[in-house]
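Chemist: A single structure is presented below for examination.
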Amino acid sequence: MALAAARRLLLHAGSRLGRREAVDGARRFANKRVLVETEGPAGVAVMKLRNPPVNSLSLECLTEFTISLEKLENDKSIRGVILTSECPGIFSAGLDLLEMYGRNPAHYAEYWKNVQELWLRLYTSNMILVSAINGASPAGGCLLALCCDYRVMADNPKYTIGLNESLLGIVAPFWFKDMYVNTIGHREAERALQLGTLFSPAEALKVGVVDEVVPEDQVHSKARSVMTKWLAIPDHSRQLTKNMMRKATADSLIKQREADIQNFTSFISKDSIQKSLHMYLEKLKQKKG
Ligand SMILES: CCCCC/C=C\C/C=C\CCC/C=C/C(=O)SCCNC(=O)CCNC(=O)[C@H](O)C(C)(C)COP(=O)(O)OP(=O)(O)OC[C@H]1O[C@@H](n2cnc3c(N)ncnc32)[C@H](O)[C@@H]1OP(=O)(O)O
């Protein structure tokens, strides 16, 4: 209930801000953790995640992201979205570990419902989505990129991308796995999921996790030029084709959303899984020295 009220408030605040910030035909609206600007080719919005330090997908961030996407979907002048990050060196650190550790089952269920919601919206969006991956992109960060129609990644060997859940002692759910298989094929996905592989940009390009790797200072211009190419395709034929390619994967979650929430909740609540997450969080802390 509280979340629904927050959602209404944010939608309202976002539209007021959108009007107030209109300058020279470029428009912007912002929630605390997501900034949306329309710039560049007509009909294109740039969506920037800004949840420092690492753009982890906290419940608030997921909610704001979903609302921003909903607003763009409802704006018939917007045909494409470039998804990127405002946090230096990080695209997104994925799901927020603190939402999955040390909480109660009701919280886990609420969190997972919102993860599902964002995924379904992104994966089935009618808009053209291009990701400009300008930093590290593990697990849920990789998931965001995989939802896009095209992925451009910065050529910086410090940045890695992949579904690394197994390294945390957790398991990517079937719909993460399905999307990975759809993108890189069964054998590569099987290996990468079991090993929790985080690919360098060059490796990611080789296996097909990303479509293009460009020098870091060209990620945004390349994403824009890719977008221009995709915009040249009639919307109706592109959208019907996208739907044909993605519907079965999305439907398999839609058919069992409740069961999936329950699976997640009981899995993540297990002592052994909480212990693994604790160890992983400690490792992240120790890394700092
Ligand atoms: C058959 C049964 C199946 C049942 C299955 C059912 C359901 C499925 C169950 C579970 C599915 C869960 C799916 C999970 C998906 C995820 O996305 S999990 C998150 C994975 N993310 C990561 O592994 C990334 C971890 N972070 C890093 O590697 C690094 O932080 C970095 C992103 C590379 C950035 O490095 P750096 O710039 O050096 O920053 P720091 O490491 O110092 O981090 C800064 C602070 O941020 C905190 N942090 C980092 N990542 C996260 C995160 N994901 N969530 C929350 N917080 C994070 C980090 O701890 C630092 O905090 P402090 O400053 O120390 O407080």
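Scheme for the structure tokens: letters A, B, ... for chains in order shown; per-chain residue numbers from 1; ligand numbers from 1 in order shown.
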Using only C-alpha atoms, determine which residues lie at most 10 Å from Pro105 in chain A, disregarding the query and same-chain residues fewer than 6 positions distant; provide the list as a list in words.

Modeler: Tyr111, Gln262, Phe264, Thr265, Ser266, Ile268 and Ser269 of chain A

Chemist: Give me, as CSV, each residue of chain A that comes within 6 Å of ligand 1, together with its shortest interatomic pair and the distance in Å at one decimal, counting only C-alpha atoms and all ligand atoms, with rows ordered by chain and rising residue number.

Modeler:
residue,atom,partner,partner_atom_place_in_ligand_line,distance
A:Pro53,CA,ligand 1,44 (C),5.7
A:Val54,CA,ligand 1,46 (O),5.5
A:Ser56,CA,ligand 1,52 (C),5.0
A:Ala93,CA,ligand 1,32 (C),4.2
A:Gly94,CA,ligand 1,17 (O),3.6
A:Leu95,CA,ligand 1,17 (O),3.7
A:Asp96,CA,ligand 1,54 (N),3.5
A:Leu97,CA,ligand 1,54 (N),3.9
A:Leu98,CA,ligand 1,55 (C),5.4
A:Ala136,CA,ligand 1,33 (C),5.6
A:Pro138,CA,ligand 1,21 (N),5.3
A:Ala139,CA,ligand 1,17 (O),4.0
A:Gly140,CA,ligand 1,17 (O),3.5
A:Glu165,CA,ligand 1,14 (C),5.9
A:Ile170,CA,ligand 1,10 (C),5.4
A:Val171,CA,ligand 1,9 (C),5.1
A:Ala172,CA,ligand 1,11 (C),4.9
A:Pro173,CA,ligand 1,8 (C),4.4
A:Asn263,CA,ligand 1,6 (C),5.1
A:Phe264,CA,ligand 1,7 (C),3.8
A:Phe267,CA,ligand 1,4 (C),5.7
A:Leu281,CA,ligand 1,59 (O),5.9
A:Leu284,CA,ligand 1,59 (O),5.1
A:Lys285,CA,ligand 1,64 (O),4.7
A:Lys288,CA,ligand 1,42 (O),6.0

Chemist: Hey, what does DSSP flag as helix (DSSP H, G or I) within range 26-137 of chain A? Can you give it to me as a short mmCIF file (atom, residue, chain, number, x, y, z; two decimals) with N, CA and C atoms, in the first residue's frame?

Modeler:
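The result, written out as selection14.cif:
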data_model
loop_
_atom_site.label_atom_id
_atom_site.label_comp_id
_atom_site.auth_asym_id
_atom_site.auth_seq_id
_atom_site.Cartn_x
_atom_site.Cartn_y
_atom_site.Cartn_z
N LEU A 59 15.12 -1.28 -3.36
CA LEU A 59 13.67 -1.23 -3.60
C LEU A 59 13.27 0.14 -4.13
N GLU A 60 13.82 1.19 -3.53
CA GLU A 60 13.48 2.55 -3.98
C GLU A 60 13.95 2.77 -5.42
N CYS A 61 15.16 2.30 -5.70
CA CYS A 61 15.70 2.50 -7.04
C CYS A 61 14.86 1.74 -8.08
N LEU A 62 14.49 0.49 -7.74
CA LEU A 62 13.67 -0.30 -8.66
C LEU A 62 12.34 0.41 -8.93
N THR A 63 11.75 0.94 -7.85
CA THR A 63 10.45 1.60 -7.98
C THR A 63 10.56 2.82 -8.89
N GLU A 64 11.59 3.63 -8.64
CA GLU A 64 11.75 4.84 -9.44
C GLU A 64 12.06 4.51 -10.91
N PHE A 65 12.82 3.46 -11.09
CA PHE A 65 13.17 3.01 -12.44
C PHE A 65 11.89 2.58 -13.17
N THR A 66 11.09 1.77 -12.51
CA THR A 66 9.86 1.26 -13.13
C THR A 66 8.92 2.41 -13.47
N ILE A 67 8.81 3.37 -12.55
CA ILE A 67 7.92 4.51 -12.78
C ILE A 67 8.40 5.35 -13.96
N SER A 68 9.71 5.57 -14.02
CA SER A 68 10.26 6.37 -15.12
C SER A 68 9.98 5.69 -16.46
N LEU A 69 10.13 4.38 -16.45
CA LEU A 69 9.90 3.62 -17.68
C LEU A 69 8.43 3.71 -18.09
N GLU A 70 7.57 3.61 -17.10
CA GLU A 70 6.12 3.68 -17.33
C GLU A 70 5.76 5.05 -17.94
N LYS A 71 6.37 6.10 -17.40
CA LYS A 71 6.10 7.44 -17.93
C LYS A 71 6.55 7.55 -19.40
N LEU A 72 7.71 6.96 -19.69
CA LEU A 72 8.20 7.03 -21.06
C LEU A 72 7.32 6.21 -22.00
N GLU A 73 6.90 5.03 -21.53
CA GLU A 73 6.01 4.19 -22.35
C GLU A 73 4.73 4.95 -22.67
N ASN A 74 4.26 5.75 -21.71
CA ASN A 74 2.99 6.46 -21.90
C ASN A 74 3.15 7.72 -22.75
N LEU A 97 22.19 -6.14 -2.33
CA LEU A 97 22.38 -7.29 -1.43
C LEU A 97 21.73 -7.03 -0.08
N LEU A 98 21.64 -5.77 0.30
CA LEU A 98 21.07 -5.47 1.62
C LEU A 98 19.55 -5.61 1.63
N GLU A 99 18.96 -5.75 0.45
CA GLU A 99 17.51 -6.04 0.39
C GLU A 99 17.26 -7.55 0.51
N PRO A 105 10.65 -12.39 5.60
CA PRO A 105 10.08 -12.95 4.36
C PRO A 105 9.16 -11.97 3.62
N ALA A 106 8.40 -11.17 4.37
CA ALA A 106 7.50 -10.22 3.69
C ALA A 106 8.32 -9.21 2.87
N HIS A 107 9.45 -8.81 3.43
CA HIS A 107 10.30 -7.86 2.68
C HIS A 107 10.87 -8.53 1.43
N TYR A 108 11.34 -9.76 1.58
CA TYR A 108 11.90 -10.46 0.41
C TYR A 108 10.83 -10.57 -0.69
N ALA A 109 9.60 -10.90 -0.28
CA ALA A 109 8.52 -11.07 -1.26
C ALA A 109 8.24 -9.74 -1.98
N GLU A 110 8.18 -8.66 -1.21
CA GLU A 110 7.92 -7.34 -1.80
C GLU A 110 9.07 -6.94 -2.75
N TYR A 111 10.28 -7.21 -2.31
CA TYR A 111 11.43 -6.85 -3.14
C TYR A 111 11.39 -7.62 -4.46
N TRP A 112 11.15 -8.93 -4.36
CA TRP A 112 11.19 -9.76 -5.57
C TRP A 112 10.09 -9.37 -6.55
N LYS A 113 8.92 -9.04 -6.00
CA LYS A 113 7.81 -8.61 -6.85
C LYS A 113 8.24 -7.39 -7.69
N ASN A 114 8.99 -6.51 -7.07
CA ASN A 114 9.45 -5.32 -7.78
C ASN A 114 10.56 -5.62 -8.78
N VAL A 115 11.38 -6.62 -8.46
CA VAL A 115 12.40 -7.04 -9.43
C VAL A 115 11.70 -7.61 -10.67
N GLN A 116 10.72 -8.48 -10.42
CA GLN A 116 9.95 -9.06 -11.54
C GLN A 116 9.31 -7.97 -12.39
N GLU A 117 8.71 -6.99 -11.70
CA GLU A 117 7.97 -5.92 -12.37
C GLU A 117 8.90 -5.13 -13.31
N LEU A 118 10.06 -4.78 -12.80
CA LEU A 118 10.99 -4.01 -13.64
C LEU A 118 11.43 -4.85 -14.83
N TRP A 119 11.74 -6.12 -14.56
CA TRP A 119 12.21 -6.98 -15.65
C TRP A 119 11.15 -7.11 -16.74
N LEU A 120 9.91 -7.36 -16.32
CA LEU A 120 8.84 -7.54 -17.32
C LEU A 120 8.65 -6.28 -18.15
N ARG A 121 8.71 -5.13 -17.49
CA ARG A 121 8.55 -3.86 -18.21
C ARG A 121 9.68 -3.62 -19.20
N LEU A 122 10.89 -3.87 -18.73
CA LEU A 122 12.05 -3.63 -19.60
C LEU A 122 12.08 -4.62 -20.76
N TYR A 123 11.90 -5.89 -20.42
CA TYR A 123 12.08 -6.93 -21.43
C TYR A 123 10.99 -6.87 -22.51
#

Chemist: When you count only C-alpha atoms, which of these residues is closest to Lys222 in chain A: A:Asn104, A:Asn134, A:Ser92, A:Ser125?

Modeler: A:Asn134

Chemist: Considering only C-alpha atoms, return as a PyMOL selection string whatever protein or nucleic-acid residues lie within 12 Å of Phe199 in chain A, sequence-local ones (same chain, fewer than 6 positions apart) excluded.

Modeler: chain A and resi 136-139+142+153+155-164+188+192-193+205-210

Chemist: Please save N, CA and C atoms of the selected residues as a short mmCIF file (atom, residue, chain, number, x, y, z; two decimals), in the first residue's frame.

Modeler:
data_model
loop_
_atom_site.label_atom_id
_atom_site.label_comp_id
_atom_site.auth_asym_id
_atom_site.auth_seq_id
_atom_site.Cartn_x
_atom_site.Cartn_y
_atom_site.Cartn_z
N ALA A 136 31.11 -1.37 -14.56
CA ALA A 136 30.89 -2.76 -14.12
C ALA A 136 29.40 -3.09 -14.15
N SER A 137 29.12 -4.34 -14.50
CA SER A 137 27.73 -4.71 -14.73
C SER A 137 27.45 -6.17 -14.31
N PRO A 138 27.67 -6.47 -13.02
CA PRO A 138 27.44 -7.86 -12.59
C PRO A 138 25.95 -8.15 -12.34
N ALA A 139 25.59 -9.42 -12.47
CA ALA A 139 24.28 -9.96 -12.07
C ALA A 139 23.12 -9.08 -12.54
N CYS A 142 23.85 -6.81 -15.29
CA CYS A 142 23.89 -7.49 -16.59
C CYS A 142 22.46 -7.75 -17.08
N MET A 153 29.34 -1.48 -25.06
CA MET A 153 30.10 -1.47 -23.80
C MET A 153 31.41 -0.72 -23.97
N ASP A 155 35.26 0.03 -23.65
CA ASP A 155 36.42 -0.85 -23.72
C ASP A 155 37.39 -0.52 -22.58
N ASN A 156 37.05 -1.02 -21.42
CA ASN A 156 37.91 -0.81 -20.25
C ASN A 156 37.97 -2.15 -19.53
N PRO A 157 39.16 -2.78 -19.50
CA PRO A 157 39.24 -4.14 -18.94
C PRO A 157 38.86 -4.21 -17.47
N LYS A 158 38.77 -3.06 -16.81
CA LYS A 158 38.33 -3.08 -15.40
C LYS A 158 36.83 -3.35 -15.30
N TYR A 159 36.11 -3.09 -16.38
CA TYR A 159 34.66 -3.29 -16.34
C TYR A 159 34.34 -4.74 -16.74
N THR A 160 33.54 -5.40 -15.92
CA THR A 160 33.15 -6.75 -16.30
C THR A 160 31.63 -6.85 -16.29
N ILE A 161 31.15 -7.87 -16.99
CA ILE A 161 29.70 -8.06 -17.12
C ILE A 161 29.40 -9.56 -17.12
N GLY A 162 28.30 -9.93 -16.51
CA GLY A 162 27.88 -11.34 -16.52
C GLY A 162 26.95 -11.65 -15.36
N LEU A 163 26.36 -12.83 -15.43
CA LEU A 163 25.49 -13.28 -14.32
C LEU A 163 26.37 -14.10 -13.38
N ASN A 164 26.84 -13.46 -12.32
CA ASN A 164 27.82 -14.07 -11.42
C ASN A 164 27.19 -14.64 -10.15
N GLU A 188 27.05 -21.67 -23.93
CA GLU A 188 27.78 -20.57 -23.29
C GLU A 188 27.10 -20.19 -21.98
N ALA A 192 28.72 -20.23 -18.33
CA ALA A 192 28.88 -18.93 -17.65
C ALA A 192 28.06 -18.87 -16.36
N LEU A 193 26.89 -19.51 -16.37
CA LEU A 193 26.05 -19.47 -15.16
C LEU A 193 26.66 -20.32 -14.05
N LEU A 205 32.07 -9.46 -25.83
CA LEU A 205 31.78 -9.30 -27.26
C LEU A 205 31.88 -10.64 -27.97
N LYS A 206 32.91 -11.39 -27.60
CA LYS A 206 33.15 -12.67 -28.27
C LYS A 206 31.97 -13.64 -28.05
N VAL A 207 31.46 -13.71 -26.81
CA VAL A 207 30.36 -14.67 -26.58
C VAL A 207 28.99 -14.08 -26.92
N GLY A 208 28.94 -12.77 -27.14
CA GLY A 208 27.65 -12.16 -27.52
C GLY A 208 26.86 -11.57 -26.37
N VAL A 209 27.51 -11.42 -25.19
CA VAL A 209 26.80 -10.75 -24.09
C VAL A 209 26.57 -9.29 -24.47
N VAL A 210 27.55 -8.70 -25.20
CA VAL A 210 27.33 -7.34 -25.72
C VAL A 210 27.49 -7.38 -27.24
#

Chemist: Between CA of Glu37 in chain A and CA of Thr241 in chain A, what is the spacing in Å?

Modeler: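 One can read the CA of Thr241 in chain A to CA of Glu37 in chain A distance as 27.4 Å.
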
Chemist: Could you pull out the residues in range 66-284 of chain A that DSSP calls strand (DSSP E or B) from the backbone, as number ranges by chain?

Modeler: A: 80-85, 89-90, 95, 128-133, 135-138, 150-154, 161-162, 199, 212-214

Chemist: Using C-alpha atoms, can you export the residues from the last selection as a CSV table (one decimal), in the first residue's frame?

Modeler:
chain,number,residue,atom,x,y,z
A,80,GLY,CA,13.7,4.8,-27.9
A,81,VAL,CA,15.6,4.9,-24.6
A,82,ILE,CA,19.3,4.8,-24.0
A,83,LEU,CA,20.0,3.3,-20.7
A,84,THR,CA,23.2,4.3,-18.9
A,85,SER,CA,24.8,5.3,-15.6
A,89,GLY,CA,32.9,3.2,-13.5
A,90,ILE,CA,29.7,1.4,-12.5
A,95,LEU,CA,20.3,-6.3,-7.0
A,128,ILE,CA,13.8,0.6,-28.6
A,129,LEU,CA,16.2,0.1,-25.7
A,130,VAL,CA,20.0,0.5,-26.2
A,131,SER,CA,22.3,0.2,-23.3
A,132,ALA,CA,25.5,2.3,-23.0
A,133,ILE,CA,27.4,0.2,-20.5
A,135,GLY,CA,31.1,0.5,-16.1
A,136,ALA,CA,30.9,-2.8,-14.1
A,137,SER,CA,27.7,-4.7,-14.7
A,138,PRO,CA,27.4,-7.9,-12.6
A,150,TYR,CA,21.4,-3.6,-28.3
A,151,ARG,CA,24.3,-3.3,-26.0
A,152,VAL,CA,27.3,-1.0,-26.4
A,153,MET,CA,30.1,-1.5,-23.8
A,154,ALA,CA,33.1,0.7,-22.9
A,161,ILE,CA,29.7,-8.1,-17.1
A,162,GLY,CA,27.9,-11.3,-16.5
A,199,PHE,CA,33.4,-11.3,-18.8
A,212,GLU,CA,29.8,-3.8,-29.6
A,213,VAL,CA,32.8,-2.6,-27.6
A,214,VAL,CA,34.0,1.0,-28.2

Chemist: Give me the residues within 12 Å of His236 in chain A as an NGL selection string, counting only C-alpha atoms and dropping any in the same chain fewer than 4 places off.

Modeler: :A and (79 or 126-128 or 231-232 or 240-243)

Chemist: Please identify all polymer residues within 8 Å of range 272-274 of chain A, counting only C-alpha atoms, omitting same-chain residues fewer than 6 positions from it, and present them as a list in words.

Modeler: Tyr101, Gly102, Gly169 and Ile170 of chain A

Chemist: Save the residues we just selected, C-alpha atoms, as a compact mmCIF listing (two decimals), in the first residue's frame?

Modeler:
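And here's result_11.txt as it stands now:
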# COMPACT_ATOMS: atom_id res chain seq x y z
CA TYR A 101 20.12 -10.11 3.59
CA GLY A 102 18.89 -9.98 7.19
CA GLY A 169 26.28 -18.83 -3.36
CA ILE A 170 22.91 -17.95 -4.89

Chemist: Between CA of Cys148 in chain A and CA of Trp175 in chain A, measure the distance and give it in Å to one decimal.

Modeler: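 Computing the Euclidean distance for CA of Cys148 in chain A and CA of Trp175 in chain A yields 15.0 Å.
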
Chemist: Within 7 Å of Leu49 in chain A, counting only C-alpha atoms, which residues show up once you throw out same-chain ones fewer than 6 positions away? Write them as a JSON list (two decimals) with C-alpha atoms, in the first residue's frame, please.

Modeler:
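Result saved to result.json:
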[["chain", "number", "residue", "atom", "x", "y", "z"],
["A", 33, "ARG", "CA", 17.80, 7.79, -8.34],
["A", 34, "VAL", "CA", 16.89, 7.99, -12.02],
["A", 35, "LEU", "CA", 17.38, 10.94, -14.35],
["A", 55, "ASN", "CA", 23.83, 1.87, -8.60],
["A", 84, "THR", "CA", 23.24, 4.30, -18.92],
["A", 85, "SER", "CA", 24.77, 5.26, -15.59],
["A", 86, "GLU", "CA", 25.79, 8.46, -13.91]]

Chemist: I'd like the interatomic distance between CA of Arg103 in chain A and CA of Phe91 in chain A, to a tenth of an Å.

Modeler: 25.9 Å
